[in-house]
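Here is the structure we will look at.
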Amino acid sequence: MTASFGGLAFQSPSPADLAAHRGAMLRFARRRIRDEDLAEDAVQDALLAALSNRASFQGQSALRTWLIGILNHKIQDTFRREGRYVPVADTARDDEGLDDGLDRLAFGQPGQFDEAEDPAQRVASARLLDALLGEIDALPDTLREVFVLQVLEARETAEVCQRLGITEANCWVRLHRARKRLAERMRDHLA
């Protein structure tokens with residue numbers, strides 16, 4: 001796609017041109033946000049915005065400068081959306097597939113709440129479930145909504161995204177953060 005500015009014609013950046021700056025954008029985002037997940041999310045949102053608006057790039061600045069400007073706006077959006085500064089994440093990150101114990105806690109083992117079990121165990125299980133529900137209620141709205149819809153109500157990701165007006169990537173980031181926060185808060189119960 002060719003555009004012109006001040007009588008000069010130039011080619012709009014290709015997707016490969018944009019992707020070539022991803023590393024620099026990620027370093028910039030990490031310095032500003034200091035949370036790996038939020039930084040990655042902001043870079044992805046910025047690249048998507050740049051890709052869909054690449055015809056608006058007029059060549060008045062370097063491509064990287066234009067991309068960092070978009071990223072800076074996405075980072076500000078992230079701070080507004082999160083409503084707080086996120087501290088540096090622990091170096092011990094949960095990998096996909098790592099059992100954080102929440103599924104065991106939320107859904108129990110088969111027969112965990114059967115009438116035939118020991119009454120003391122039923123009381124302990126009920127208290128554990130109450131503690132989990134209290135922690136779910138204490139989540140920030142943005143995290144609680146995704147967790148309830150995706151995990152407790154087992155809704156499809158596309159439906160959750162449409163209902164909340166968020167991207168799929170943002171949905172997964174929010175779900176990851178909700179699970180991580182719940183696992184941290186329920187750590188004593190999961191041991």
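Residues are named by chain letter and number: chains run A, B, ... in the order of the structure tokens, numbers start at 1 in each chain, and ligands are numbered from 1 in the order shown.
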So that I can see what lies close to Met25 of chain A, please list as a list in words the residues with an atom at most 9 Å from it, counting only C-alpha atoms and leaving out residues fewer than 3 positions away in the same chain. His21, Arg22, Phe28, Ala29, Arg30, Val43, Ala46, Arg64, Leu67, Ile68 and Leu71 of chain A
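For segment 129-132 of chain A, the list of residues within 8 Å, based on only C-alpha atoms and with local chain neighbours fewer than 2 positions off taken out, reads Leu105, Ala106, Ser125, Ala126, Arg127, Gly134, Glu135, Ile136, Leu182 and Met186 of chain A.
For Asn53 of chain A, the set of protein, DNA and RNA residues having any atom at most 10 Å away, when counting only C-alpha atoms and skipping those fewer than 5 positions along the same chain, is Ser12, Leu47 and Leu48 of chain A.
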For a test of reading the model, state the distance in Å between atom CA of Arg181 of chain A and atom CA of Arg80 of chain A, rounded to one decimal.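 Interatomic distance here is 19.6 Å.
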Give me the residues near Ala39 of chain A as a short mmCIF file (atom, residue, chain, number, x, y, z; two decimals) with C-alpha atoms, in the first residue's frame, where near means some atom within 9 Å (using only C-alpha atoms) and where sequence neighbours in that chain fewer than 5 positions away do not count.
```cif
data_model
loop_
_atom_site.label_atom_id
_atom_site.label_comp_id
_atom_site.auth_asym_id
_atom_site.auth_seq_id
_atom_site.Cartn_x
_atom_site.Cartn_y
_atom_site.Cartn_z
CA LEU A 26 8.45 -5.63 24.60
CA ARG A 27 11.55 -4.24 26.32
CA PHE A 28 9.90 -0.80 26.48
CA ALA A 29 6.67 -2.27 27.88
CA ARG A 30 8.50 -4.35 30.50
CA ARG A 31 10.32 -1.26 31.77
CA ARG A 32 7.06 0.65 32.09
CA ILE A 33 4.71 -2.05 33.35
CA ARG A 34 7.06 -4.47 35.11
CA GLN A 44 0.03 -7.43 21.24
CA ILE A 75 0.19 0.95 28.38
#
```
Please tabulate, as a tab-separated table, the residues of segment 2-87 of chain A that come within 12 Å of segment 159-179 of chain A, each with its closest pair of atoms and the distance in Å to one decimal, counting only C-alpha atoms and ordering rows by chain, then residue number upward.
```
residue	atom	partner	partner_atom	distance
A:Asp35	CA	A:Arg177	CA	11.0
A:Glu36	CA	A:Val173	CA	10.5
A:Asp37	CA	A:Val173	CA	6.7
A:Leu38	CA	A:Val173	CA	7.8
A:Ala39	CA	A:Val173	CA	10.7
A:Glu40	CA	A:Val173	CA	9.5
A:Asp41	CA	A:Asn170	CA	6.8
A:Ala42	CA	A:Asn170	CA	9.4
A:Val43	CA	A:Ala169	CA	11.3
A:Gln44	CA	A:Ala169	CA	8.4
A:Asp45	CA	A:Ala169	CA	8.9
A:Leu48	CA	A:Thr167	CA	11.0
A:Thr78	CA	A:Asn170	CA	10.5
A:Arg81	CA	A:Asn170	CA	11.2
A:Glu82	CA	A:Arg174	CA	10.1
A:Val86	CA	A:Arg177	CA	11.1
```
